[in-house]
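Engineer: Okay, handing you the structure first.
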Amino acid sequence: MMLEKSALYVVATPIGNLSDISLRALEVLAGVDAIAAEHVQNSEHLLAKHHITAKWIRLHQHNESAVAEKILSRLQAGGSIALVTDAGTPAISDPGAILVQHVREAGHRVIPVPGASAAICALSAAGINNPHFLFYGFLPTKTGLRKRALTEIKSYQFTVIFYEAPHRILECITDMIEIFDEKRKITIARELTKLFETIFCGTLGEALAWLQADINQQRGEFVLLLSGAEMLEKSDISEHARHTLSCLLAELPLKQSVKLAAEITGENKNALYQLALDLKSTGEPGF
Ligand code: SAM
């Protein structure tokens, strides 16, 4: 395979099962002048399985800008470089975006070589019949900040995808129960493509009980897929509530308007919030 000169290849690697790598990824990794990797040893292990040796550049979140400059000079000299991370697709909750930005700004080609990503892998097997999803990635690690982040997305009607570390999985689900409702649906995708792959679907309450019942289910790597807030038809909102909200929105910030409209009219806050967003985006009169 002929590789482009002066190009950065952004190459996805497996998230567990080492066979989950594309033929094109292997050709690129075998052909580039050097590979930038987060942890060289992990990536060497993958390449060894496919009998590929490489020259390595160490790139991680603490040295990305400095290394980007070095990679740029190699690209300027006509070299071709691949970027990989420990698992999955670079720049998805992983380093890569800063390097890509530098390379694009310098006018060189950035060529994606697609493959596994834990979020999409989990979504594909969750059976959630909603075409819309938001990839959130990692929540804040401190409880207060995490609860605030969860509150912000409370009324979102699309699936929200989180990554979570094993030592925080219990507290994360506990916070979700507090902010949402224990009846909100969640899918927990654990150890995807690996020996102990498990995909749990149920309510938040059931998920907590399931995790607590078996400490083994608290181990490994996790993707959480939180189902969206229930859709409430806009037509379910009374004319009076619409009018009240619309008047408040003309004078006050969105959150305050929704809160007051809910208090005044007794309508559902989530439905009013969604209506407020719609009014804002369509620029309806009164807003
Ligand atoms: N770039 C990666 C991607 O494309 O998915 C994500 C890297 S991020 C640093 C690592 C997190 O992804 C883990 O903490 C976990 O939440 C999730 N993850 C990665 N591999 C996984 C797997 N095999 N099963 C479940 N979750 C996984």
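So you can find residues: chains in the structure tokens are A, B, ... in the order shown, residues in each start at 1, and ligands are numbered from 1 in order.
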Would you write out, as a tab-separated table, a table of all residues in chain A that have an atom no more than 6 Å from an atom of ligand 1, listing for each the closest atom pair and the distance in Å to one decimal, considering only C-alpha atoms and all ligand atoms and ordering rows by chain and rising residue number?
Structural biologist:
```
residue	atom	partner	partner_atom_place_in_ligand_line	distance
A:Ile15	CA	ligand 1	20 (N)	4.6
A:Gly16	CA	ligand 1	23 (N)	5.0
A:Ala87	CA	ligand 1	2 (C)	5.3
A:Gly88	CA	ligand 1	4 (O)	3.7
A:Thr89	CA	ligand 1	4 (O)	3.8
A:Pro90	CA	ligand 1	1 (N)	5.2
A:Ile92	CA	ligand 1	1 (N)	4.5
A:Ser93	CA	ligand 1	8 (S)	4.9
A:Asp94	CA	ligand 1	9 (C)	5.1
A:Ser117	CA	ligand 1	4 (O)	3.5
A:Ala118	CA	ligand 1	5 (O)	3.7
A:Ala119	CA	ligand 1	5 (O)	5.6
A:Tyr163	CA	ligand 1	16 (O)	3.6
A:Glu164	CA	ligand 1	16 (O)	4.5
A:Ala165	CA	ligand 1	14 (O)	5.1
A:Ala189	CA	ligand 1	25 (C)	5.8
A:Arg190	CA	ligand 1	25 (C)	4.6
A:Glu191	CA	ligand 1	24 (N)	3.8
A:Leu192	CA	ligand 1	24 (N)	3.7
A:Thr193	CA	ligand 1	23 (N)	5.7
A:Glu221	CA	ligand 1	26 (N)	4.3
A:Phe222	CA	ligand 1	26 (N)	4.0
A:Val223	CA	ligand 1	26 (N)	4.7
```
Engineer: Just list as a PyMOL selection string whatever in stretch 140-261 of chain A DSSP marks as helix (DSSP H, G or I).
Structural biologist: chain A and resi 143-152+166-179+204-213+215-218+234-236+239-251+254-261
Engineer: So, with only C-alpha atoms as the atoms that count, which of A:Glu44, A:Ala7, A:Glu27, A:Leu260 lies closest to A:Gln76?
Structural biologist: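 When distances to A:Gln76 are compared using only C-alpha atoms, the smallest one comes from A:Ala7.
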Engineer: Pick out the closest residue to A:Ile120 from this set: A:Leu224, A:Pro253, A:Leu72, A:Phe180. Count only C-alpha atoms.
Structural biologist: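 Smallest separation from A:Ile120 among the options: A:Leu224.
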Engineer: Excluding stretch 196-200 of chain A and its own-chain neighbours fewer than 5 positions away, which residues fall within 12 Å of it when counting only C-alpha atoms? Please give them as a PyMOL selection string.
Structural biologist: chain A and resi 15-17+121-127+185-191+206-211+216-226
Engineer: From the list A:Gln212, A:Gln256, A:Asn130, A:Asn63, which residue is nearest A:Glu171 when using only C-alpha atoms?
Structural biologist: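 Closest residue, counting only C-alpha atoms: A:Gln212.
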Engineer: My list of candidates is A:Ala261, A:Leu170, A:Leu83, A:Ala77. Which is closest to A:Thr244 when distances are computed with only C-alpha atoms?
Structural biologist: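 Checking each of A:Ala261, A:Leu170, A:Leu83, A:Ala77 against A:Thr244, counting only C-alpha atoms, the winner is A:Ala261.
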Engineer: Tell me which of A:Asp20, A:Ala30, A:Glu4, A:Glu152 sits closest to A:Tyr136, counting only C-alpha atoms.
Structural biologist: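 When distances to A:Tyr136 are compared using only C-alpha atoms, the smallest one comes from A:Glu152.
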Engineer: Which is closest to A:Lys269 among A:Leu8, A:Cys201, A:Leu252, A:Ile237, if we use only C-alpha atoms?
Structural biologist: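 Using only C-alpha atoms, the shortest distance to A:Lys269 belongs to A:Ile237.
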Engineer: Based on the backbone DSSP call, show me all residues of stretch 32-243 of chain A assigned strand (DSSP E), as a VMD selection string.
Structural biologist: chain A and resid 34 to 37 56 to 58 81 to 83 109 to 113 133 to 138 159 to 164 185 to 190 198 to 203 222 to 226
Engineer: For A:Asp175, please output as a PyMOL selection string all residues within 8 Å (counting only C-alpha atoms; exclusion window: fewer than 4 positions along the same chain).
Structural biologist: chain A and resi 143+146-147+171+179
Engineer: Interatomic distance between atom CA of A:Leu99 and atom CA of A:Ala68?
Structural biologist: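 Separation between atom CA of A:Leu99 and atom CA of A:Ala68: 5.1 Å.
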Engineer: Would you work out the distance separating atom CA of A:Leu279 from atom CA of A:Ile128, expressed in Å to one decimal?
Structural biologist: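 One can read the atom CA of A:Leu279 to atom CA of A:Ile128 distance as 28.0 Å.
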Engineer: What is the distance between atom CA of A:Gly266 and atom CA of A:Glu182, in Å to one decimal?
Structural biologist: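 Pair atom CA of A:Gly266 / atom CA of A:Glu182 returns 23.0 Å.
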